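Data from entry20.pdb: PDB, C-alpha atoms
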ATOM      1  CA  MET R1313       0.000   0.000   0.000
ATOM      2  CA  THR R1314       1.297   3.466  -0.872
ATOM      3  CA  ARG R1315       1.190   5.857   2.071
ATOM      4  CA  PRO R1316       2.061   9.550   2.232
ATOM      5  CA  GLY R1317       5.087  10.581   4.233
ATOM      6  CA  ILE R1318       7.848   8.388   5.568
ATOM      7  CA  GLY R1319       5.825   5.670   7.342
ATOM      8  CA  VAL R1320       7.137   4.250  10.621
ATOM      9  CA  GLY R1321      10.201   5.762  12.273
ATOM     10  CA  ILE R1322      12.140   4.736  15.363
ATOM     11  CA  GLY R1323      12.254   6.703  18.602
ATOM     12  CA  LEU R1324      14.980   6.206  21.193
ATOM     13  CA  ALA R1325      13.234   7.450  24.342
ATOM     14  CA  ALA R1326      13.038   3.961  25.847
ATOM     15  CA  VAL R1327      16.605   2.797  25.137
ATOM     16  CA  GLY R1328      18.768   5.842  25.798
ATOM     17  CA  ARG R1329      18.401   5.874  29.596
ATOM     18  CA  PRO R1330      17.808   3.199  32.221
ATOM     19  CA  ALA R1331      14.407   4.344  33.501
ATOM     20  CA  TYR R1332      11.325   5.461  31.599
ATOM     21  CA  ILE R1333       7.530   5.368  31.964
ATOM     22  CA  ASN R1334       6.786   2.606  29.458
ATOM     23  CA  SER R1335       5.090  -0.545  30.738
ATOM     24  CA  GLY R1336       6.873  -3.865  30.800
ATOM     25  CA  ARG R1337      10.437  -2.593  31.030
ATOM     26  CA  ALA R1338      11.450  -5.228  33.542
ATOM     27  CA  GLY R1339      10.598  -7.940  31.042
ATOM     28  CA  ASP R1340      11.857  -6.042  27.995
ATOM     29  CA  LEU R1341      15.168  -4.735  29.342
ATOM     30  CA  GLY R1342      15.908  -6.855  32.398
ATOM     31  CA  ALA R1343      17.717  -5.564  35.461
ATOM     32  CA  VAL R1344      21.127  -4.867  33.917
ATOM     33  CA  ARG R1345      21.046  -1.479  32.225
ATOM     34  CA  SER R1346      24.565  -0.121  32.213
ATOM     35  CA  VAL R1347      25.610   2.507  29.698
ATOM     36  CA  GLU R1348      27.277  -0.150  27.551
ATOM     37  CA  ASP R1349      24.260  -2.468  27.780
ATOM     38  CA  LEU R1350      21.932   0.249  26.512
ATOM     39  CA  ARG R1351      24.441   1.411  23.917
ATOM     40  CA  ALA R1352      24.503  -2.121  22.489
ATOM     41  CA  ARG R1353      20.718  -2.390  22.707
ATOM     42  CA  THR R1354      20.270   0.940  20.914
ATOM     43  CA  GLU R1355      22.554  -0.126  18.098
ATOM     44  CA  THR R1356      20.713  -3.451  17.752
ATOM     45  CA  VAL R1357      17.393  -1.605  17.599
ATOM     46  CA  LEU R1358      18.743   0.836  15.005
ATOM     47  CA  ASP R1359      20.100  -2.042  12.901
ATOM     48  CA  ALA R1360      16.684  -3.720  12.949
ATOM     49  CA  ALA R1361      14.819  -0.482  12.325
ATOM     50  CA  TYR R1362      16.925   0.442   9.319
ATOM     51  CA  ALA R1363      16.598  -3.068   7.894
ATOM     52  CA  ALA R1364      12.819  -2.788   8.341
ATOM     53  CA  GLY R1365      12.713   0.416   6.311
ATOM     54  CA  MET R1366      12.428   2.967   9.109
ATOM     55  CA  ARG R1367      14.029   6.188   7.932
ATOM     56  CA  TYR R1368      13.152   8.745  10.610
ATOM     57  CA  LEU R1369      15.401   8.509  13.685
ATOM     58  CA  ASP R1370      14.119  10.378  16.737
ATOM     59  CA  THR R1371      16.071  11.337  19.844
ATOM     60  CA  ALA R1372      16.365  14.173  22.378
ATOM     61  CA  ARG R1373      18.824  15.794  24.744
ATOM     62  CA  SER R1374      16.837  14.401  27.689
ATOM     63  CA  TYR R1375      16.887  10.793  26.485
ATOM     64  CA  GLY R1376      19.937   9.995  28.596
ATOM     65  CA  ARG R1377      22.759   9.222  26.169
ATOM     66  CA  ALA R1378      20.559   8.469  23.160
ATOM     67  CA  GLU R1379      22.079  11.210  20.995
ATOM     68  CA  GLU R1380      25.529   9.803  21.757
ATOM     69  CA  PHE R1381      24.403   6.263  20.961
ATOM     70  CA  LEU R1382      22.826   7.380  17.690
ATOM     71  CA  ALA R1383      25.917   9.369  16.713
ATOM     72  CA  GLY R1384      28.078   6.300  17.289
ATOM     73  CA  TRP R1385      25.791   4.138  15.172
ATOM     74  CA  LEU R1386      25.780   6.675  12.338
ATOM     75  CA  ALA R1387      29.587   6.898  12.460
ATOM     76  CA  ARG R1388      29.843   3.126  12.135
ATOM     77  CA  HIS R1389      27.451   3.123   9.192
ATOM     78  CA  PRO R1390      28.678   5.790   6.768
ATOM     79  CA  GLU R1391      26.653   4.112   4.043
ATOM     80  CA  VAL R1392      23.441   5.205   5.778
ATOM     81  CA  ASP R1393      22.722   8.431   3.953
ATOM     82  CA  ASP R1394      18.956   8.215   3.486
ATOM     83  CA  VAL R1395      17.687   8.834   7.013
ATOM     84  CA  VAL R1396      16.164  11.932   8.581
ATOM     85  CA  VAL R1397      17.563  12.627  12.048
ATOM     86  CA  GLY R1398      15.503  14.612  14.519
ATOM     87  CA  SER R1399      16.252  15.652  18.074
ATOM     88  CA  LYS R1400      14.761  17.900  20.733
ATOM     89  CA  TRP R1401      15.887  20.506  23.228
ATOM     90  CA  GLY R1402      14.147  21.920  26.284
ATOM     91  CA  TYR R1403      14.502  19.101  28.800
ATOM     92  CA  ARG R1404      17.724  18.161  30.542
ATOM     93  CA  TYR R1405      18.402  14.612  31.751
ATOM     94  CA  VAL R1406      19.323  14.725  35.449
ATOM     95  CA  GLY R1407      18.740  11.102  36.443
ATOM     96  CA  GLY R1408      22.419  10.273  36.871
ATOM     97  CA  TRP R1409      21.825   6.849  35.256
ATOM     98  CA  ARG R1410      19.913   5.798  38.373
ATOM     99  CA  MET R1411      16.678   3.843  38.356
ATOM    100  CA  ASP R1412      15.655   5.433  41.661
ATOM    101  CA  ALA R1413      16.477   9.052  40.848
ATOM    102  CA  PRO R1414      13.904  11.375  42.455
ATOM    103  CA  VAL R1415      13.850  13.466  39.257
ATOM    104  CA  HIS R1416      14.851  12.204  35.827
ATOM    105  CA  GLU R1417      14.477  15.333  33.696
ATOM    106  CA  VAL R1418      13.854  19.052  34.114
ATOM    107  CA  LYS R1419      12.305  21.459  31.628
ATOM    108  CA  ASP R1420      13.951  24.717  30.567
ATOM    109  CA  HIS R1421      12.674  26.596  27.516
ATOM    110  CA  SER R1422      14.957  29.610  27.853
ATOM    111  CA  ALA R1423      17.141  30.955  25.054
ATOM    112  CA  ALA R1424      20.193  30.045  27.145
ATOM    113  CA  ALA R1425      19.029  26.427  27.334
ATOM    114  CA  PHE R1426      18.452  26.384  23.576
ATOM    115  CA  HIS R1427      21.983  27.543  22.817
ATOM    116  CA  GLU R1428      23.545  25.214  25.370
ATOM    117  CA  GLN R1429      21.663  22.162  24.165
ATOM    118  CA  LEU R1430      22.023  22.968  20.474
ATOM    119  CA  ALA R1431      25.795  23.068  20.968
ATOM    120  CA  GLU R1432      25.655  19.665  22.694
ATOM    121  CA  THR R1433      23.473  18.193  19.962
ATOM    122  CA  ALA R1434      25.642  19.657  17.201
ATOM    123  CA  ALA R1435      28.782  18.228  18.789
ATOM    124  CA  LEU R1436      27.272  14.747  18.516
ATOM    125  CA  LEU R1437      25.094  14.822  15.407
ATOM    126  CA  GLY R1438      26.715  17.621  13.415
ATOM    127  CA  PRO R1439      25.318  18.026   9.905
ATOM    128  CA  ARG R1440      23.145  14.914  10.317
ATOM    129  CA  LEU R1441      20.697  16.944  12.415
ATOM    130  CA  ALA R1442      17.752  17.719  10.131
ATOM    131  CA  VAL R1443      14.930  18.487  12.585
ATOM    132  CA  TYR R1444      15.102  20.191  15.991
ATOM    133  CA  HIS R1445      11.992  20.315  18.152
ATOM    134  CA  VAL R1446      11.186  22.302  21.255
ATOM    135  CA  HIS R1447      10.586  19.427  23.659
ATOM    136  CA  SER R1448       7.046  19.407  25.060
ATOM    137  CA  ALA R1449       6.091  22.954  24.150
ATOM    138  CA  THR R1450       3.120  24.151  26.189
ATOM    139  CA  LEU R1451       1.354  27.456  26.545
ATOM    140  CA  ASP R1452       2.423  27.906  30.161
ATOM    141  CA  THR R1453       6.229  27.904  29.623
ATOM    142  CA  GLY R1454       6.086  30.967  27.371
ATOM    143  CA  VAL R1455       8.183  29.321  24.665
ATOM    144  CA  LEU R1456       5.497  29.982  22.058
ATOM    145  CA  ASP R1457       5.371  33.707  22.942
ATOM    146  CA  ASP R1458       9.108  34.436  23.252
ATOM    147  CA  ALA R1459       9.860  36.582  20.198
ATOM    148  CA  GLY R1460      13.557  36.798  21.029
ATOM    149  CA  LEU R1461      13.870  33.034  21.207
ATOM    150  CA  HIS R1462      11.884  32.743  17.988
ATOM    151  CA  ARG R1463      14.486  34.881  16.223
ATOM    152  CA  GLU R1464      17.220  32.582  17.541
ATOM    153  CA  LEU R1465      15.320  29.524  16.330
ATOM    154  CA  ALA R1466      14.809  31.175  12.950
ATOM    155  CA  GLY R1467      18.571  31.386  12.593
ATOM    156  CA  LEU R1468      18.689  27.618  12.837
ATOM    157  CA  ARG R1469      15.807  27.348  10.364
ATOM    158  CA  ASP R1470      17.607  29.616   7.939
ATOM    159  CA  ARG R1471      20.670  27.345   8.120
ATOM    160  CA  GLY R1472      18.563  24.493   6.785
ATOM    161  CA  VAL R1473      17.403  22.693   9.948
ATOM    162  CA  ARG R1474      13.655  22.215  10.197
ATOM    163  CA  VAL R1475      12.396  23.730  13.468
ATOM    164  CA  GLY R1476       9.397  22.311  15.262
ATOM    165  CA  ILE R1477       7.730  21.477  18.552
ATOM    166  CA  SER R1478       6.733  18.340  20.352
ATOM    167  CA  THR R1479       3.614  18.396  22.520
ATOM    168  CA  SER R1480       2.156  16.572  25.492
ATOM    169  CA  GLY R1481      -0.832  16.998  27.770
ATOM    170  CA  PRO R1482      -4.543  17.606  27.362
ATOM    171  CA  GLN R1483      -3.949  21.030  25.713
ATOM    172  CA  GLN R1484      -1.837  19.675  22.844
ATOM    173  CA  ALA R1485      -4.212  21.142  20.265
ATOM    174  CA  ASP R1486      -3.838  24.638  21.707
ATOM    175  CA  ALA R1487      -0.046  24.391  21.574
ATOM    176  CA  VAL R1488      -0.117  23.132  17.982
ATOM    177  CA  ARG R1489      -2.365  25.957  16.824
ATOM    178  CA  LYS R1490      -0.298  28.551  18.657
ATOM    179  CA  ALA R1491       2.885  27.207  17.067
ATOM    180  CA  LEU R1492       1.362  27.368  13.601
ATOM    181  CA  SER R1493       0.696  31.076  14.082
ATOM    182  CA  VAL R1494       4.344  31.953  14.793
ATOM    183  CA  ARG R1495       6.141  33.604  11.895
ATOM    184  CA  VAL R1496       9.616  35.082  11.718
ATOM    185  CA  GLY R1497      10.764  37.055   8.696
ATOM    186  CA  GLY R1498       7.384  36.506   7.116
ATOM    187  CA  GLU R1499       7.791  32.720   7.117
ATOM    188  CA  PRO R1500       6.392  30.024   9.432
ATOM    189  CA  LEU R1501       8.853  29.112  12.174
ATOM    190  CA  PHE R1502       7.530  25.757  13.307
ATOM    191  CA  THR R1503       7.130  23.347  10.405
ATOM    192  CA  SER R1504       7.439  20.013  12.241
ATOM    193  CA  ILE R1505       4.893  18.944  14.844
ATOM    194  CA  GLN R1506       5.484  15.847  16.991
ATOM    195  CA  SER R1507       2.443  15.013  19.098
ATOM    196  CA  THR R1508       0.885  12.188  21.034
ATOM    197  CA  TRP R1509      -1.962  10.578  19.127
ATOM    198  CA  ASN R1510      -3.262   7.110  19.780
ATOM    199  CA  LEU R1511      -6.499   5.175  19.965
ATOM    200  CA  LEU R1512      -6.892   6.092  23.633
ATOM    201  CA  GLU R1513      -5.970   9.776  23.184
ATOM    202  CA  PRO R1514      -6.883  11.111  19.718
ATOM    203  CA  SER R1515      -7.960  14.603  20.823
ATOM    204  CA  ALA R1516      -5.152  16.436  18.975
ATOM    205  CA  GLY R1517      -6.259  14.984  15.635
ATOM    206  CA  PRO R1518      -8.101  18.038  14.254
ATOM    207  CA  ALA R1519      -5.218  20.369  15.138
ATOM    208  CA  LEU R1520      -2.733  17.955  13.566
ATOM    209  CA  ALA R1521      -4.820  17.926  10.402
ATOM    210  CA  GLU R1522      -4.619  21.722  10.389
ATOM    211  CA  ALA R1523      -0.853  21.524  10.811
ATOM    212  CA  ALA R1524      -0.500  19.201   7.833
ATOM    213  CA  ALA R1525      -2.791  21.404   5.750
ATOM    214  CA  ALA R1526      -0.544  24.364   6.614
ATOM    215  CA  GLY R1527       2.465  22.474   5.256
ATOM    216  CA  ALA R1528       3.978  21.159   8.491
ATOM    217  CA  ARG R1529       5.206  17.598   8.850
ATOM    218  CA  VAL R1530       3.279  15.739  11.539
ATOM    219  CA  ILE R1531       5.037  13.034  13.545
ATOM    220  CA  VAL R1532       2.970  10.784  15.814
ATOM    221  CA  LYS R1533       4.557   9.707  19.096
ATOM    222  CA  GLU R1534       3.302   7.311  21.748
ATOM    223  CA  ALA R1535       1.066   5.452  19.299
ATOM    224  CA  VAL R1536       1.051   2.458  21.652
ATOM    225  CA  ALA R1537       0.314   4.679  24.666
ATOM    226  CA  ASN R1538       3.543   3.895  26.558
ATOM    227  CA  GLY R1539       2.783   0.182  26.419
ATOM    228  CA  ARG R1540      -0.952   0.227  27.117
ATOM    229  CA  LEU R1541      -1.578  -0.686  23.466
ATOM    230  CA  ALA R1542       1.201  -3.262  23.223
ATOM    231  CA  PRO R1543       0.463  -7.006  23.225
ATOM    232  CA  GLY R1544       0.134  -8.137  26.811
ATOM    233  CA  GLY R1545       0.810  -4.675  28.119
ATOM    234  CA  PRO R1546      -0.232  -3.858  31.679
ATOM    235  CA  GLY R1547      -3.149  -1.461  31.726
ATOM    236  CA  THR R1548      -4.490  -2.454  28.327
ATOM    237  CA  PRO R1549      -8.212  -1.643  28.213
ATOM    238  CA  PRO R1550     -10.291  -4.822  27.820
ATOM    239  CA  ALA R1551     -12.092  -3.313  24.827
ATOM    240  CA  ALA R1552      -8.775  -2.782  23.031
ATOM    241  CA  ARG R1553      -7.729  -6.352  23.717
ATOM    242  CA  ALA R1554     -11.110  -7.624  22.511
ATOM    243  CA  LEU R1555     -10.877  -5.653  19.262
ATOM    244  CA  SER R1556      -7.358  -6.932  18.636
ATOM    245  CA  ASP R1557      -8.551 -10.498  19.194
ATOM    246  CA  ALA R1558     -11.580 -10.033  16.953
ATOM    247  CA  LEU R1559      -9.401  -8.753  14.128
ATOM    248  CA  ALA R1560      -6.700 -11.393  14.742
ATOM    249  CA  LEU R1561      -4.266  -8.481  14.645
ATOM    250  CA  PRO R1562      -1.540  -7.824  17.235
ATOM    251  CA  LEU R1563      -2.518  -4.827  19.303
ATOM    252  CA  ASP R1564       0.620  -2.837  18.510
ATOM    253  CA  GLN R1565      -0.015  -3.266  14.787
ATOM    254  CA  LEU R1566      -3.629  -2.170  15.200
ATOM    255  CA  ALA R1567      -2.484   0.911  17.114
ATOM    256  CA  LEU R1568       0.234   1.920  14.653
ATOM    257  CA  ALA R1569      -1.891   1.141  11.598
ATOM    258  CA  ALA R1570      -4.643   3.398  12.956
ATOM    259  CA  ALA R1571      -2.110   6.222  13.266
ATOM    260  CA  LEU R1572      -0.695   5.552   9.794
ATOM    261  CA  ALA R1573      -4.234   5.722   8.410
ATOM    262  CA  GLN R1574      -4.577   9.355   9.463
ATOM    263  CA  PRO R1575      -4.110  11.379   6.261
ATOM    264  CA  TRP R1576      -2.155  14.055   8.108
ATOM    265  CA  ALA R1577       0.500  11.704   9.559
ATOM    266  CA  TRP R1578       3.926  12.065   7.924
ATOM    267  CA  CYS R1579       5.615   9.620  10.314
ATOM    268  CA  VAL R1580       4.518   7.351  13.169
ATOM    269  CA  LEU R1581       7.182   6.518  15.720
ATOM    270  CA  SER R1582       7.920   3.083  17.063
ATOM    271  CA  GLY R1583       9.341   2.980  20.560
ATOM    272  CA  ALA R1584      10.578  -0.594  20.205
ATOM    273  CA  VAL R1585      13.343  -1.845  22.482
ATOM    274  CA  ASP R1586      14.314  -5.066  20.690
ATOM    275  CA  PRO R1587      14.307  -6.433  17.132
ATOM    276  CA  SER R1588      11.124  -8.481  17.593
ATOM    277  CA  GLN R1589       9.209  -5.364  18.621
ATOM    278  CA  VAL R1590      10.722  -3.474  15.698
ATOM    279  CA  ALA R1591       9.530  -6.178  13.291
ATOM    280  CA  SER R1592       6.022  -6.243  14.723
ATOM    281  CA  ASN R1593       5.734  -2.440  14.662
ATOM    282  CA  ALA R1594       7.064  -2.264  11.100
ATOM    283  CA  ALA R1595       4.444  -4.785   9.984
ATOM    284  CA  ALA R1596       1.779  -2.166  10.703
ATOM    285  CA  THR R1597       2.612  -0.630   7.326
ATOM    286  CA  THR R1598       1.088  -3.686   5.637
ATOM    287  CA  VAL R1599      -2.229  -3.445   7.512
ATOM    288  CA  ASP R1600      -5.120  -2.071   5.481
ATOM    289  CA  MET R1601      -7.352  -0.235   7.944
ATOM    290  CA  GLN R1602     -10.888  -0.375   6.602
ATOM    291  CA  ALA R1603     -13.419   2.287   7.536
ATOM    292  CA  GLY R1604     -15.341  -0.093   9.774
ATOM    293  CA  THR R1605     -12.199  -1.021  11.685
ATOM    294  CA  LEU R1606     -11.290   2.625  12.174
ATOM    295  CA  GLU R1607     -14.804   3.345  13.424
ATOM    296  CA  ALA R1608     -14.609   0.468  15.887
ATOM    297  CA  ALA R1609     -11.168   1.577  17.039
ATOM    298  CA  ALA R1610     -12.406   5.128  17.588
ATOM    299  CA  THR R1611     -14.671   3.886  20.381
ATOM    300  CA  LEU R1612     -11.575   3.167  22.507
ATOM    301  CA  ALA R1613     -10.899   6.866  23.143
ATOM    302  CA  GLU R1614     -10.701   8.047  26.736
ATOM    303  CA  PRO R1615     -11.344  11.573  28.064
ATOM    304  CA  ALA R1616      -8.124  13.465  27.433
ATOM    305  CA  ALA R1617      -7.830  14.809  30.975
ATOM    306  CA  GLU R1618      -8.160  11.293  32.411
ATOM    307  CA  TYR R1619      -5.630   9.867  29.974
ATOM    308  CA  TRP R1620      -3.013  12.489  30.803
ATOM    309  CA  ALA R1621      -3.606  12.307  34.545
ATOM    310  CA  ALA R1622      -2.956   8.574  34.418
ATOM    311  CA  ARG R1623       0.130   9.065  32.244
ATOM    312  CA  SER R1624       1.532  11.641  34.662
ATOM    313  CA  ALA R1625       1.157   9.143  37.502
ATOM    314  CA  ARG R1626       3.102   6.398  35.764
ATOM    315  CA  PRO R1627       6.290   5.410  37.615
ATOM    316  CA  TRP R1628       9.734   5.484  36.020
ATOM    317  CA  SER R1629      11.008   1.924  35.950
TER     318      SER R1629
END
Please rewrite the model in this file as C-alpha cells.
Amino acid sequence: MTRPGIGVGIGLAAVGRPAYINSGRAGDLGAVRSVEDLRARTETVLDAAYAAGMRYLDTARSYGRAEEFLAGWLARHPEVDDVVVGSKWGYRYVGGWRMDAPVHEVKDHSAAAFHEQLAETAALLGPRLAVYHVHSATLDTGVLDDAGLHRELAGLRDRGVRVGISTSGPQQADAVRKALSVRVGGEPLFTSIQSTWNLLEPSAGPALAEAAAAGARVIVKEAVANGRLAPGGPGTPPAARALSDALALPLDQLALAAALAQPWAWCVLSGAVDPSQVASNAAATTVDMQAGTLEAAATLAEPAAEYWAARSARPWS
C-alpha cells in the first residue's frame, strides 16, 4: 500500500536511559542497564529499524545518552545516507543513570538552554541533524510567545534545519495551533509537529490535520500509549484487547496502523526496544485499515484529561 510521508520511524526514548515510563520494562530490558548495555541495545534496535525500512530517527537531549548512541551508530554506518535525524531541546536529563532518581528530567525553555543544548546536539550529530523540536512545548512555559527566542530559532531554520515542537498533555491542540501562528521574517517558524496521538488519546487529531494542511510535517509519538496498546501490556483496556482479538491483529499493529491511516501523519514513531518489537511495529505498514475497523477503534478513546492524569502518575522503571 502506498502511504504519504515516511511511514514508521524509530524513537529512542526507551533505550537511551535506564528508567522510563513505558510498561513492561522489567521484562523487555531486564535488570542490567549499564551505559554499555543500553548502547549495544540501541545499536541493535537501530540495525533492525533500518533493515525494516524505518528512515526517521528520533532522539532528544533528555533521552539519557541516546544522541551519543545514535551518533556512534551513524559513524559506524557511513553508508546510511537516506535517514532523517531529529532531536529535541528543552529538557535536561538529570537522572544520573539511576533507576531510583527522584527526578529524571527538568524542563527549561529559555534561550540560554536552547543555545547550550544545540551546541551539545551539534557536537554529537553535526550536519546529520535535520529536525530540531522544542521538547514538550506548552502554553504555560512561554516558549510559544518568546519573540527573542523565535528569532534565535529562525537562525537555525535559515541554516537548513527544520524547526518544530513536540507536545504533550490535554492542551496539545492549543499548543499546535499557537505554534502554527508563529512567523519570523514573514515565514512560518515551526514546520514540524510531533504530538501524542493514539487510539486512547486522539484529541489532537483536528489540530494535527490543520498543521498538515498548513504544510507542516506531523510526527505521531506514543502510538502504543507507553505500552498500554502493546500485546500483553499492563493497563491495556479490555475493549482494546477484545478488538485486537476479533481482528486477529496484534494490538501494537492495530495501534500503529490506525495512526498511519490518518491522512495528516507524515511519520509514526515506534518505541521498540528489541528487534522483535521493531519487526512487529514495522508490519503495521502492511495493515489495510478499513473504515469499519477505524470506526470500531475510535470507540476506545478516553477523556483526554483522564488519559493524561494517568500518564503523569506512571512510575519510572
> Near Val1590 of chain R, counting only C-alpha atoms, which residues have an atom at most 7 Å away, once you skip same-chain residues fewer than 4 positions from it, shown as JSON, numbers by chain?
Replying inline: {"R": [1360, 1361, 1584, 1586, 1594]}
>> Residues near segment 1324-1330 of chain R, anyone? I mean within 6 Å using all atoms listed in the file, not counting same-chain ones fewer than 6 positions away, as a PyMOL selection string.
In response: chain R and resi 1345+1354+1371+1375-1378
>> Just to confirm, what's the straight-line distance from atom CA of Leu1568 of chain R to atom CA of Lys1533 of chain R in Å (one decimal)?
In response: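 We find that atom CA of Leu1568 of chain R and atom CA of Lys1533 of chain R lie 10.0 Å from each other.
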>> Once the PyMOL selection byres ((chain R and resi 1538) around 9) has been evaluated on this model, what residues remain selected, and can you format them as a ChimeraX atom specification?
In response: /R:1333-1335,1534-1537,1539-1542,1583,1623
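Computed from the coordinates, the atom CA of Lys1419 of chain R to atom CA of Asp1470 of chain R distance equals 25.6 Å.
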>> Could you tell me, as a PyMOL selection string, exactly which residues end up selected when the PyMOL selection byres ((chain R and resi 1401-1416) around 9) is applied to this structure?
In response: chain R and resi 1329-1332+1345-1347+1372-1377+1399-1400+1417-1422+1425-1426+1429-1430+1433+1444-1449+1628-1629
>> Once the PyMOL selection byres ((chain R and resi 1489-1497) around 9) has been evaluated on this model, what residues remain selected, and can you format them as a list in words?
In response: Ala1449, Leu1451, Leu1456, Asp1457, Ala1459, His1462, Arg1463, Ala1466, Gly1476, Ile1477, Gln1484, Ala1485, Asp1486, Ala1487, Val1488, Gly1498, Glu1499, Pro1500, Leu1501, Phe1502, Thr1503, Ile1505, Ala1519, Leu1520, Glu1522, Ala1523, Ala1526 and Ala1528 of chain R
> Restricting the calculation to only C-alpha atoms, which member of R:Arg1471, R:Arg1388, R:Arg1529, R:Arg1353 is positioned closest to Ala1577 of chain R?
Replying inline: R:Arg1529
>> So, with all atoms listed in the file as the atoms that count, which of R:Leu1563, R:Val1344, R:Ala1621, R:Met1601 lies closest to Pro1543 of chain R?
In response: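 Using all atoms listed in the file, the shortest distance to Pro1543 of chain R belongs to R:Leu1563.
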> Could you work out how far atom CA of Val1599 of chain R lies from atom CA of Leu1559 of chain R, giving the answer in Å with one decimal?
Replying inline: 11.1 Å
> Hey, what's within 10 Å of Leu1606 of chain R if we count only C-alpha atoms and toss same-chain stuff fewer than 2 positions away? As a VMD selection string, please?
Replying inline: chain R and resid 1511 1566 1569 to 1571 1573 to 1574 1601 to 1604 1608 to 1611
Could you save the residues just selected, with C-alpha atoms, as a PDB file, keeping the file's coordinate frame?
ATOM      1  CA  LEU R1511      -6.499   5.175  19.965  1.00  0.00           C
ATOM      2  CA  LEU R1566      -3.629  -2.170  15.200  1.00  0.00           C
ATOM      3  CA  ALA R1569      -1.891   1.141  11.598  1.00  0.00           C
ATOM      4  CA  ALA R1570      -4.643   3.398  12.956  1.00  0.00           C
ATOM      5  CA  ALA R1571      -2.110   6.222  13.266  1.00  0.00           C
ATOM      6  CA  ALA R1573      -4.234   5.722   8.410  1.00  0.00           C
ATOM      7  CA  GLN R1574      -4.577   9.355   9.463  1.00  0.00           C
ATOM      8  CA  MET R1601      -7.352  -0.235   7.944  1.00  0.00           C
ATOM      9  CA  GLN R1602     -10.888  -0.375   6.602  1.00  0.00           C
ATOM     10  CA  ALA R1603     -13.419   2.287   7.536  1.00  0.00           C
ATOM     11  CA  GLY R1604     -15.341  -0.093   9.774  1.00  0.00           C
ATOM     12  CA  ALA R1608     -14.609   0.468  15.887  1.00  0.00           C
ATOM     13  CA  ALA R1609     -11.168   1.577  17.039  1.00  0.00           C
ATOM     14  CA  ALA R1610     -12.406   5.128  17.588  1.00  0.00           C
ATOM     15  CA  THR R1611     -14.671   3.886  20.381  1.00  0.00           C
TER      16      THR R1611
END
Please supply segment 1533-1548 of chain R, rebuilt with N, CA and C atoms, as a tab-separated table (two decimals), keeping the file's coordinate frame.
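Result file is rebuild-v8.tsv:
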chain	number	residue	atom	x	y	z
R	1533	LYS	N	3.81	10.42	18.06
R	1533	LYS	CA	4.56	9.71	19.10
R	1533	LYS	C	3.57	9.02	20.02
R	1534	GLU	N	4.08	8.04	20.75
R	1534	GLU	CA	3.30	7.31	21.75
R	1534	GLU	C	2.05	6.66	21.15
R	1535	ALA	N	2.20	6.10	19.96
R	1535	ALA	CA	1.07	5.45	19.30
R	1535	ALA	C	0.58	4.22	20.05
R	1536	VAL	N	1.46	3.60	20.84
R	1536	VAL	CA	1.05	2.46	21.65
R	1536	VAL	C	0.86	2.85	23.12
R	1537	ALA	N	0.72	4.16	23.35
R	1537	ALA	CA	0.31	4.68	24.67
R	1537	ALA	C	1.23	4.19	25.79
R	1538	ASN	N	2.56	4.29	25.55
R	1538	ASN	CA	3.54	3.90	26.56
R	1538	ASN	C	3.34	2.46	27.04
R	1539	GLY	N	2.93	1.60	26.12
R	1539	GLY	CA	2.78	0.18	26.42
R	1539	GLY	C	1.37	-0.28	26.68
R	1540	ARG	N	0.43	0.64	26.86
R	1540	ARG	CA	-0.95	0.23	27.12
R	1540	ARG	C	-1.59	-0.40	25.88
R	1541	LEU	N	-1.06	-0.10	24.70
R	1541	LEU	CA	-1.58	-0.69	23.47
R	1541	LEU	C	-0.55	-1.62	22.83
R	1542	ALA	N	0.27	-2.23	23.67
R	1542	ALA	CA	1.20	-3.26	23.22
R	1542	ALA	C	0.65	-4.62	23.63
R	1543	PRO	N	0.97	-5.68	22.86
R	1543	PRO	CA	0.46	-7.01	23.22
R	1543	PRO	C	0.85	-7.39	24.65
R	1544	GLY	N	-0.13	-7.72	25.44
R	1544	GLY	CA	0.13	-8.14	26.81
R	1544	GLY	C	0.54	-7.02	27.75
R	1545	GLY	N	0.38	-5.79	27.30
R	1545	GLY	CA	0.81	-4.68	28.12
R	1545	GLY	C	-0.05	-4.47	29.34
R	1546	PRO	N	0.55	-4.18	30.49
R	1546	PRO	CA	-0.23	-3.86	31.68
R	1546	PRO	C	-1.08	-2.61	31.41
R	1547	GLY	N	-2.29	-2.62	31.89
R	1547	GLY	CA	-3.15	-1.46	31.73
R	1547	GLY	C	-3.86	-1.39	30.40
R	1548	THR	N	-3.78	-2.45	29.60
R	1548	THR	CA	-4.49	-2.45	28.33
R	1548	THR	C	-5.99	-2.51	28.58
